[in-house]
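Structure file upload-v5.tsv; described as TSV, C-alpha atoms.
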chain	number	residue	atom	x	y	z
N	128	MET	CA	25.70	25.33	-22.81
N	129	ILE	CA	28.42	22.92	-21.70
N	130	ASN	CA	25.83	20.25	-20.96
N	131	ASN	CA	24.57	20.40	-24.56
N	132	PHE	CA	28.13	19.96	-25.81
N	133	VAL	CA	28.87	16.99	-23.52
N	134	PHE	CA	25.52	15.43	-24.45
N	135	VAL	CA	26.26	15.70	-28.17
N	136	VAL	CA	29.78	14.26	-27.75
N	137	LEU	CA	28.57	11.29	-25.69
N	138	PHE	CA	25.58	10.67	-27.98
N	139	LEU	CA	27.78	10.67	-31.08
N	140	LEU	CA	30.30	8.38	-29.37
N	141	GLY	CA	27.58	5.83	-28.71
N	142	PHE	CA	26.14	6.22	-32.20
N	143	TYR	CA	29.62	5.81	-33.69
N	144	ALA	CA	30.03	2.52	-31.82
N	145	ILE	CA	26.69	1.27	-33.16
N	146	LEU	CA	27.53	2.28	-36.75
N	147	VAL	CA	31.15	1.17	-37.03
N	148	LYS	CA	31.98	-1.55	-34.49
N	149	LYS	CA	31.97	-5.17	-35.65
N	150	ASN	CA	31.15	-6.69	-32.27
N	151	LEU	CA	27.61	-6.95	-30.98
N	152	ILE	CA	28.67	-6.48	-27.36
N	153	LYS	CA	30.46	-3.24	-28.26
N	154	MET	CA	27.29	-2.11	-30.03
N	155	VAL	CA	25.29	-2.74	-26.84
N	156	ILE	CA	27.88	-0.69	-24.93
N	157	GLY	CA	27.39	2.09	-27.48
N	158	LEU	CA	23.63	1.92	-26.96
N	159	ASN	CA	24.20	2.25	-23.22
N	160	ILE	CA	26.44	5.29	-23.74
N	161	MET	CA	23.70	6.91	-25.85
N	162	GLU	CA	21.17	6.18	-23.11
N	163	GLY	CA	23.45	7.64	-20.48
N	164	SER	CA	24.00	10.79	-22.52
N	165	ILE	CA	20.26	11.37	-22.78
N	166	PHE	CA	19.78	10.82	-19.03
N	167	PHE	CA	22.63	13.23	-18.28
N	168	TRP	CA	21.23	15.86	-20.65
N	169	PHE	CA	17.70	15.61	-19.26
N	170	ILE	CA	18.88	15.91	-15.64
N	171	THR	CA	21.19	18.88	-16.33
N	172	LEU	CA	18.55	20.61	-18.45
N	173	THR	CA	16.01	20.59	-15.63
N	174	ASP	CA	18.55	21.35	-12.90
N	175	ARG	CA	17.85	24.70	-11.28
N	176	GLY	CA	21.04	24.73	-9.25
N	177	LYS	CA	19.23	24.07	-6.00
N	178	MET	CA	19.01	21.33	-3.41
N	179	ILE	CA	17.94	17.71	-3.95
N	180	PRO	CA	14.17	17.23	-3.62
N	181	ILE	CA	14.30	15.58	-0.20
N	182	VAL	CA	13.29	17.69	2.78
N	183	ASN	CA	14.17	17.20	6.43
N	184	GLY	CA	12.26	20.10	7.90
N	185	THR	CA	14.72	22.94	7.35
N	186	GLN	CA	14.38	23.37	3.59
N	187	VAL	CA	11.68	25.48	1.98
N	188	ALA	CA	9.89	24.24	-1.10
N	189	SER	CA	11.31	27.02	-3.28
N	190	GLN	CA	14.87	25.86	-2.55
N	191	LEU	CA	14.38	22.48	-4.19
N	192	ASN	CA	15.08	21.07	-7.62
N	193	ASP	CA	12.31	19.67	-9.77
N	194	PRO	CA	11.68	16.03	-8.68
N	195	VAL	CA	9.56	15.07	-11.72
N	196	PRO	CA	12.42	14.67	-14.27
N	197	GLN	CA	14.43	12.72	-11.71
N	198	ALA	CA	11.59	10.24	-11.28
N	199	LEU	CA	11.28	9.98	-15.08
N	200	ILE	CA	14.98	9.28	-15.46
N	201	LEU	CA	14.90	6.67	-12.68
N	202	THR	CA	12.28	4.84	-14.75
N	203	GLY	CA	14.46	5.20	-17.81
N	204	ILE	CA	17.55	3.82	-16.07
N	205	VAL	CA	15.71	0.72	-14.88
N	206	ILE	CA	14.25	0.06	-18.32
N	207	GLY	CA	17.66	0.60	-19.93
N	208	ALA	CA	19.22	-1.94	-17.59
N	209	SER	CA	16.57	-4.57	-18.35
N	210	THR	CA	16.74	-4.03	-22.12
N	211	SER	CA	20.52	-4.29	-22.16
N	212	ALA	CA	20.34	-7.50	-20.08
N	213	PHE	CA	17.93	-8.94	-22.63
N	214	LEU	CA	20.13	-7.83	-25.54
N	215	LEU	CA	23.17	-9.48	-23.94
N	216	THR	CA	21.15	-12.67	-23.53
N	217	LEU	CA	20.28	-12.66	-27.21
N	218	ILE	CA	23.98	-12.18	-28.01
N	219	ILE	CA	24.91	-15.15	-25.77
N	220	GLU	CA	22.40	-17.32	-27.63
N	221	LEU	CA	23.67	-16.13	-31.04
N	222	ASP	CA	27.22	-16.87	-29.97
N	223	LYS	CA	26.16	-20.36	-28.90
N	224	PHE	CA	24.74	-21.19	-32.35
N	225	THR	CA	27.08	-19.30	-34.66
N	226	SER	CA	30.17	-18.90	-32.40
N	227	SER	CA	30.56	-15.34	-33.62
N	228	THR	CA	29.57	-11.89	-32.41
N	229	ASN	CA	30.22	-10.18	-35.73
N	230	PRO	CA	26.90	-9.06	-37.25
N	231	ASP	CA	28.23	-9.37	-40.82
N	232	GLN	CA	29.31	-12.99	-40.32
N	233	ILE	CA	26.09	-13.90	-38.53
N	234	GLY	CA	24.05	-12.39	-41.36
N	235	GLY	CA	26.00	-14.52	-43.88
N	236	MET	CA	25.39	-17.66	-41.82
N	237	ILE	CA	21.66	-17.11	-41.63
N	238	GLU	CA	21.35	-16.72	-45.42
N	239	ASP	CA	22.95	-20.12	-46.03
E	154	MET	CA	35.92	-0.87	-48.18
E	155	SER	CA	36.12	-0.47	-44.45
E	156	LYS	CA	37.98	2.84	-44.84
E	157	THR	CA	35.28	4.48	-46.97
E	158	LYS	CA	32.57	3.19	-44.66
E	159	HIS	CA	34.45	4.66	-41.73
E	160	ILE	CA	34.78	8.07	-43.40
E	161	PHE	CA	31.10	7.98	-44.36
E	162	ALA	CA	30.10	7.22	-40.76
E	163	VAL	CA	32.24	10.05	-39.40
E	164	LEU	CA	30.70	12.43	-41.98
E	165	ILE	CA	27.15	11.46	-40.97
E	166	LEU	CA	28.01	11.75	-37.29
E	167	SER	CA	29.56	15.22	-37.65
E	168	LEU	CA	26.52	16.42	-39.60
E	169	LEU	CA	24.24	15.00	-36.90
E	170	GLY	CA	26.37	16.63	-34.21
E	171	ILE	CA	26.25	20.08	-35.83
E	172	THR	CA	22.48	19.78	-36.28
E	173	LEU	CA	22.02	18.74	-32.65
E	174	LEU	CA	24.24	21.53	-31.30
E	175	VAL	CA	22.51	24.20	-33.40
E	176	SER	CA	19.03	23.05	-32.45
E	177	LEU	CA	19.88	22.56	-28.76
E	178	SER	CA	21.42	26.05	-28.50
E	179	LYS	CA	18.03	27.50	-29.36
E	180	LEU	CA	16.51	26.00	-26.21
E	181	PRO	CA	15.98	28.33	-23.26
E	182	ASN	CA	18.47	28.00	-20.42
E	183	GLN	CA	15.84	27.83	-17.71
E	184	PHE	CA	12.39	26.58	-18.47
E	185	GLU	CA	9.42	28.56	-17.23
E	186	TYR	CA	7.82	26.73	-14.34
E	187	ALA	CA	4.62	28.78	-14.21
E	188	ASN	CA	2.22	25.99	-15.11
E	189	SER	CA	4.51	23.16	-14.15
E	190	ILE	CA	3.49	20.14	-12.09
E	191	TYR	CA	6.59	20.99	-10.01
E	192	HIS	CA	4.67	23.53	-7.89
E	193	HIS	CA	1.93	21.08	-7.04
E	194	VAL	CA	4.37	18.32	-6.10
E	195	VAL	CA	6.71	20.50	-4.03
E	196	ASN	CA	3.94	22.30	-2.16
E	197	ASN	CA	1.39	19.54	-1.56
E	198	SER	CA	3.34	16.31	-1.66
E	199	ILE	CA	4.05	16.06	2.06
E	200	THR	CA	0.44	16.58	3.08
E	201	GLU	CA	-0.89	14.33	0.31
E	202	THR	CA	1.53	11.41	0.58
E	203	GLY	CA	3.56	11.90	3.77
E	204	SER	CA	6.82	11.16	2.00
E	205	LEU	CA	9.79	13.44	2.60
E	206	ASN	CA	11.49	12.18	-0.56
E	207	PHE	CA	9.60	13.82	-3.42
E	208	VAL	CA	11.02	11.45	-6.04
E	209	THR	CA	9.62	8.50	-4.06
E	210	ALA	CA	6.32	10.33	-3.69
E	211	ILE	CA	6.11	10.69	-7.47
E	212	LEU	CA	7.27	7.16	-8.24
E	213	TYR	CA	5.07	5.27	-5.78
E	214	ASP	CA	2.13	7.57	-5.34
E	215	TYR	CA	1.43	10.01	-8.18
E	216	ARG	CA	2.88	7.77	-10.89
E	217	ALA	CA	2.60	4.38	-9.18
E	218	TYR	CA	0.79	3.01	-12.22
E	219	ASP	CA	3.88	3.87	-14.25
E	220	SER	CA	6.13	2.07	-11.76
E	221	LEU	CA	3.86	-0.96	-12.13
E	222	GLY	CA	4.48	-0.89	-15.86
E	223	GLU	CA	8.20	-0.51	-15.21
E	224	SER	CA	8.32	-3.58	-12.98
E	225	THR	CA	6.27	-5.42	-15.59
E	226	ILE	CA	9.00	-4.63	-18.13
E	227	ILE	CA	11.60	-6.08	-15.75
E	228	PHE	CA	9.41	-9.14	-15.29
E	229	GLY	CA	9.21	-9.49	-19.06
E	230	ALA	CA	12.98	-9.18	-19.41
E	231	VAL	CA	13.58	-11.78	-16.69
E	232	SER	CA	11.04	-14.15	-18.27
E	233	GLY	CA	12.63	-13.76	-21.69
E	234	ILE	CA	16.13	-14.32	-20.35
E	235	VAL	CA	15.08	-17.43	-18.42
E	236	LEU	CA	13.23	-18.73	-21.49
E	237	LEU	CA	16.24	-18.21	-23.77
E	238	LEU	CA	18.91	-19.48	-21.40
E	239	SER	CA	16.96	-22.30	-19.76
E	240	ARG	CA	19.04	-25.28	-18.72
E	241	LYS	CA	18.64	-28.53	-16.86
E	242	THR	CA	22.10	-28.84	-15.33
E	243	LEU	CA	23.62	-26.71	-12.61
E	244	PRO	CA	25.93	-24.04	-14.06
E	245	VAL	CA	29.44	-24.01	-12.64
E	246	SER	CA	30.95	-20.57	-12.89
E	247	SER	CA	33.41	-20.86	-10.04
E	248	HIS	CA	34.43	-23.23	-7.28
E	249	GLY	CA	34.92	-20.39	-4.88
E	250	LEU	CA	37.80	-18.17	-3.97
E	251	SER	CA	40.34	-18.56	-1.17
E	252	PHE	CA	39.65	-19.01	2.55
E	253	ILE	CA	40.40	-15.33	3.36
E	254	VAL	CA	37.89	-14.04	0.81
E	255	LYS	CA	35.26	-16.51	2.05
E	256	ARG	CA	35.71	-15.47	5.70
E	257	THR	CA	35.68	-11.76	4.81
E	258	PHE	CA	32.47	-12.03	2.83
E	259	GLY	CA	30.98	-14.25	5.50
E	260	MET	CA	31.27	-11.29	7.83
E	261	LEU	CA	30.31	-8.68	5.20
E	262	THR	CA	27.25	-10.30	3.62
E	263	PRO	CA	24.85	-9.78	6.58
E	264	PHE	CA	25.72	-6.10	6.58
E	265	ILE	CA	25.22	-5.85	2.82
E	266	PHE	CA	21.79	-7.44	3.34
E	267	LEU	CA	21.05	-5.00	6.19
E	268	PHE	CA	22.13	-2.06	4.03
E	269	GLY	CA	19.84	-3.19	1.22
E	270	ILE	CA	16.91	-3.54	3.61
E	271	TYR	CA	17.69	-0.11	5.08
E	272	ILE	CA	17.74	1.52	1.63
E	273	ILE	CA	14.41	-0.15	0.77
E	274	THR	CA	12.52	0.65	3.95
E	275	HIS	CA	13.78	4.24	4.25
E	276	GLY	CA	12.87	5.04	0.65
E	277	HIS	CA	10.35	7.68	1.71
E	278	LEU	CA	12.76	9.45	4.10
E	279	SER	CA	16.16	9.41	2.43
E	280	PRO	CA	17.66	8.83	-1.02
E	281	GLY	CA	16.95	5.32	-2.19
E	282	GLY	CA	13.91	3.14	-2.56
E	283	GLY	CA	12.85	-0.19	-3.90
E	284	PHE	CA	14.85	-0.15	-7.10
E	285	GLN	CA	18.14	0.95	-5.54
E	286	GLY	CA	17.91	-1.35	-2.52
E	287	GLY	CA	16.80	-4.23	-4.72
E	288	VAL	CA	20.00	-3.93	-6.73
E	289	ILE	CA	22.02	-4.20	-3.50
E	290	LEU	CA	20.05	-7.31	-2.51
E	291	GLY	CA	20.64	-8.77	-5.96
E	292	ALA	CA	24.39	-8.33	-5.44
E	293	ILE	CA	24.28	-10.86	-2.59
E	294	SER	CA	23.46	-13.68	-5.00
E	295	ILE	CA	26.37	-12.60	-7.21
E	296	ILE	CA	28.67	-12.65	-4.16
E	297	PHE	CA	27.47	-16.17	-3.33
E	298	SER	CA	28.13	-17.34	-6.88
E	299	ILE	CA	31.59	-15.83	-7.22
E	300	VAL	CA	33.03	-16.14	-3.73
E	301	TYR	CA	31.51	-19.42	-2.56
E	302	GLY	CA	30.89	-21.07	-5.93
E	303	SER	CA	27.61	-21.39	-7.79
E	304	GLU	CA	26.78	-24.69	-6.07
E	305	PHE	CA	26.53	-22.84	-2.75
E	306	ASP	CA	24.31	-20.24	-4.39
E	307	TYR	CA	22.11	-23.02	-5.77
E	308	LYS	CA	21.77	-24.66	-2.35
E	309	ARG	CA	21.34	-21.59	-0.17
E	310	TYR	CA	19.31	-19.43	-2.51
E	311	SER	CA	17.75	-21.78	-5.02
E	312	PRO	CA	16.03	-20.62	-8.23
E	313	THR	CA	12.69	-21.65	-6.70
E	314	THR	CA	13.23	-19.26	-3.79
E	315	LYS	CA	14.22	-16.49	-6.19
E	316	THR	CA	11.11	-17.02	-8.29
E	317	LEU	CA	8.96	-17.12	-5.16
E	318	LEU	CA	10.44	-13.83	-3.91
E	319	GLU	CA	10.02	-12.14	-7.27
E	320	THR	CA	6.40	-13.17	-7.75
E	321	SER	CA	5.51	-12.33	-4.15
E	322	GLY	CA	6.98	-8.85	-4.59
E	323	ALA	CA	4.97	-8.31	-7.76
E	324	LEU	CA	1.81	-9.69	-6.10
E	325	LEU	CA	2.30	-7.36	-3.12
E	326	PHE	CA	2.45	-4.39	-5.49
E	327	ILE	CA	-0.60	-5.44	-7.54
E	328	GLY	CA	-2.47	-6.48	-4.37
E	329	LEU	CA	-1.98	-3.03	-2.88
E	330	GLY	CA	-3.33	-1.61	-6.13
E	331	PHE	CA	-6.47	-3.72	-5.98
E	332	MET	CA	-6.90	-2.97	-2.26
E	333	GLY	CA	-7.45	0.63	-3.34
E	334	ILE	CA	-10.36	-0.45	-5.54
E	335	LEU	CA	-11.80	-2.70	-2.81
E	336	LEU	CA	-11.72	0.16	-0.30
E	337	GLY	CA	-13.70	2.35	-2.67
E	338	GLY	CA	-10.95	4.41	-4.25
E	339	ASN	CA	-8.74	4.26	-7.31
E	340	PHE	CA	-6.29	1.62	-8.46
E	341	LEU	CA	-2.99	2.07	-6.55
E	342	MET	CA	-4.27	4.89	-4.40
E	343	ASN	CA	-2.34	5.64	-1.20
E	344	LEU	CA	-4.00	3.63	1.57
E	345	ASN	CA	-3.42	5.19	4.96
E	346	ILE	CA	-2.06	1.99	6.49
E	347	LEU	CA	0.94	3.62	8.13
E	348	ASN	CA	-0.11	7.01	9.39
E	349	ALA	CA	2.48	7.92	12.01
E	350	GLU	CA	3.98	11.38	12.18
E	351	VAL	CA	5.56	12.58	8.93
E	352	GLY	CA	9.27	11.88	9.00
E	353	SER	CA	9.13	8.67	11.02
E	354	LEU	CA	9.68	5.21	9.58
E	355	LEU	CA	6.06	4.06	9.87
E	356	SER	CA	4.59	6.88	7.82
E	357	ALA	CA	3.70	7.66	4.20
E	358	GLY	CA	0.70	5.31	3.83
E	359	SER	CA	1.36	2.39	1.50
E	360	ILE	CA	4.62	3.75	0.01
E	361	PRO	CA	6.92	1.62	2.26
E	362	PHE	CA	4.97	-1.53	1.35
E	363	ILE	CA	5.27	-0.78	-2.37
E	364	ASN	CA	8.99	-0.16	-1.78
E	365	ILE	CA	9.37	-3.55	-0.10
E	366	GLY	CA	7.47	-5.29	-2.90
E	367	ILE	CA	9.55	-3.62	-5.61
E	368	GLY	CA	12.77	-4.22	-3.68
E	369	PHE	CA	12.26	-7.96	-3.41
E	370	LYS	CA	11.08	-8.12	-7.00
E	371	ILE	CA	14.13	-6.29	-8.38
E	372	GLY	CA	16.60	-8.12	-6.13
E	373	ALA	CA	15.28	-11.56	-7.01
E	374	GLY	CA	14.92	-10.58	-10.66
E	375	LEU	CA	18.56	-9.50	-10.93
E	376	ALA	CA	19.65	-12.68	-9.12
E	377	ILE	CA	17.66	-14.75	-11.65
E	378	ILE	CA	19.24	-12.84	-14.55
E	379	PHE	CA	22.74	-13.45	-13.16
E	380	TYR	CA	22.01	-17.12	-12.44
E	381	SER	CA	20.75	-17.62	-15.99
E	382	MET	CA	23.68	-15.84	-17.58
E	383	ILE	CA	26.57	-17.65	-15.88
E	384	GLN	CA	28.15	-20.16	-18.20
E	385	LYS	CA	30.33	-23.14	-17.70
E	386	THR	CA	33.78	-21.58	-17.53
E	387	PHE	CA	35.45	-24.25	-15.36
E	388	LYS	CA	35.97	-27.88	-16.16
E	389	GLU	CA	34.10	-30.19	-13.83
E	390	GLU	CA	37.12	-32.23	-12.79
E	391	VAL	CA	39.17	-29.24	-11.68
E	392	ASP	CA	39.54	-29.53	-7.93
E	393	LEU	CA	40.37	-26.33	-6.10
Kindly present the structure from the file in structure tokens form.
Amino acid sequence: MINNFVFVVLFLLGFYAILVKKNLIKMVIGLNIMEGSIFFWFITLTDRGKMIPIVNGTQVASQLNDPVPQALILTGIVIGASTSAFLLTLIIELDKFTSSTNPDQIGGMIED
Amino acid sequence: MSKTKHIFAVLILSLLGITLLVSLSKLPNQFEYANSIYHHVVNNSITETGSLNFVTAILYDYRAYDSLGESTIIFGAVSGIVLLLSRKTLPVSSHGLSFIVKRTFGMLTPFIFLFGIYIITHGHLSPGGGFQGGVILGAISIIFSIVYGSEFDYKRYSPTTKTLLETSGALLFIGLGFMGILLGGNFLMNLNILNAEVGSLLSAGSIPFINIGIGFKIGAGLAIIFYSMIQKTFKEEVDL
């Protein structure tokens, strides 16, 4: 229950940044917060309140959490990192040519 | 203008939030695991792959094809960044920090490297793996650039070396995949190269090799991204 609430708050925070902020870097930060909220929600949803899925001989299989969502989220984290690096690169290039990170101003410059 | 837009955004967000909360509260608290892949992985993973870390077993054995796609995405991101931010001159981000910081990191950097290698090679026994250890290895290039100046980073760990490491890591991964086909199995199947007792370092078939390949690929890739992104923030004539 609490994990749904925290997920919704974090997701809306990131979405708010994307909708309202006038700085492309802040929008990328908002995108990252949205990503993080989804990762958090997915991990807590599939958490069974048991041990991490790494055995050292003493644990029994029924005492372990589900490793499949954790592997999925690991993939998601890596892809999120590479996409945000690429987005930041595009912002650097835009800033070089237009010397602005405001999407409204950049849109006006491109129309000219 | 901005005020009304702000209120409109908050209205949309609160509607979206209420919808999300209502729909999420209808989800069951614990999912039924009767037909889940969880049972197969938890019960058979050790005998099938030899890896004590089940997440590693999934990432580099059951879903190794997916990890190949993941590292291809990173390769694409690195290629795009290098293409966009290509330059002919050496970037100067810093001329290095003080003597104390340089000495301290001179002693620390070998241990950071060792820790990264440890995380990579013990990926099938303990938390960690290629991606996590690769990030630690990538941090070494950032330390070189910031603490010793980017000229030192360029000399000691040149972009050519980084590219070589990244492509060799990717080729190791793909080569292990094609070895599976050559030996009469599937693409990226677990070759029983290392078949020591389960729980020792030299176990888990080809998983440690895939870990090493991915680790070097991610570490060099992150170093390339950082090297491409640093800008000229110091004037050339400043002498520190």
Select all residues from chain N having any atom no more than 7 Å from an atom of chain E (counting all atoms listed in the file, ignoring ligands), output as a ChimeraX atom specification. /N:131-132,135,139,146-147,180-183,188,193-195,197-198,202,206,209-210,213,216
I'd like the neighbourhood of N:Gly207 as a PyMOL selection string, where a residue qualifies if any of its atoms comes within 8 Å (using all atoms listed in the file), though same-chain residues fewer than 3 positions away should be ignored. chain N and resi 159+162+203-204+210-211
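Between atom CA of E:Leu250 and atom CA of E:Ile299 there is a distance of 7.4 Å.
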Please measure the separation of atom CA of E:Ile295 and atom CA of N:Leu215, giving the value in Å to one decimal.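 For atom CA of E:Ile295 relative to atom CA of N:Leu215, the distance reads 17.3 Å.
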With all atoms listed in the file as the basis for distance, which of N:Leu137, N:Phe142, N:Met128, N:Gln190 is at the shortest distance from N:Thr171?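 Residue with the minimum atom-to-atom distance to N:Thr171: N:Met128.
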Using atom CA of N:Ile145 and atom CA of E:Leu236 as the two end points, give the distance in Å to one decimal.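 For atom CA of N:Ile145 relative to atom CA of E:Leu236, the distance reads 26.8 Å.
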Option closest in space to N:Ile219, from N:Ile200, N:Ile170, N:Leu151, N:Ala144 [counting only C-alpha atoms]: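 Answer, going by the shortest atom-to-atom distance: N:Leu151.
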Contacts of N:Thr228 at 12 Å or less, counting all atoms listed in the file, minus same-chain residues fewer than 6 places along, as a list of chain:residue names? N:Lys148, N:Lys149, N:Asn150, N:Leu151, N:Ile152, N:Lys153, N:Met154, N:Val155, N:Leu215, N:Leu217, N:Ile218, N:Ile219, N:Glu220, N:Leu221, N:Asp222, N:Gly234, N:Met236
Need the shell around E:Leu329: protein/DNA/RNA residues with any atom at most 8 Å away, counting all atoms listed in the file. Skip same-chain ones fewer than 4 positions apart. Format as a VMD selection string? chain E and resid 325 333 341 359 363
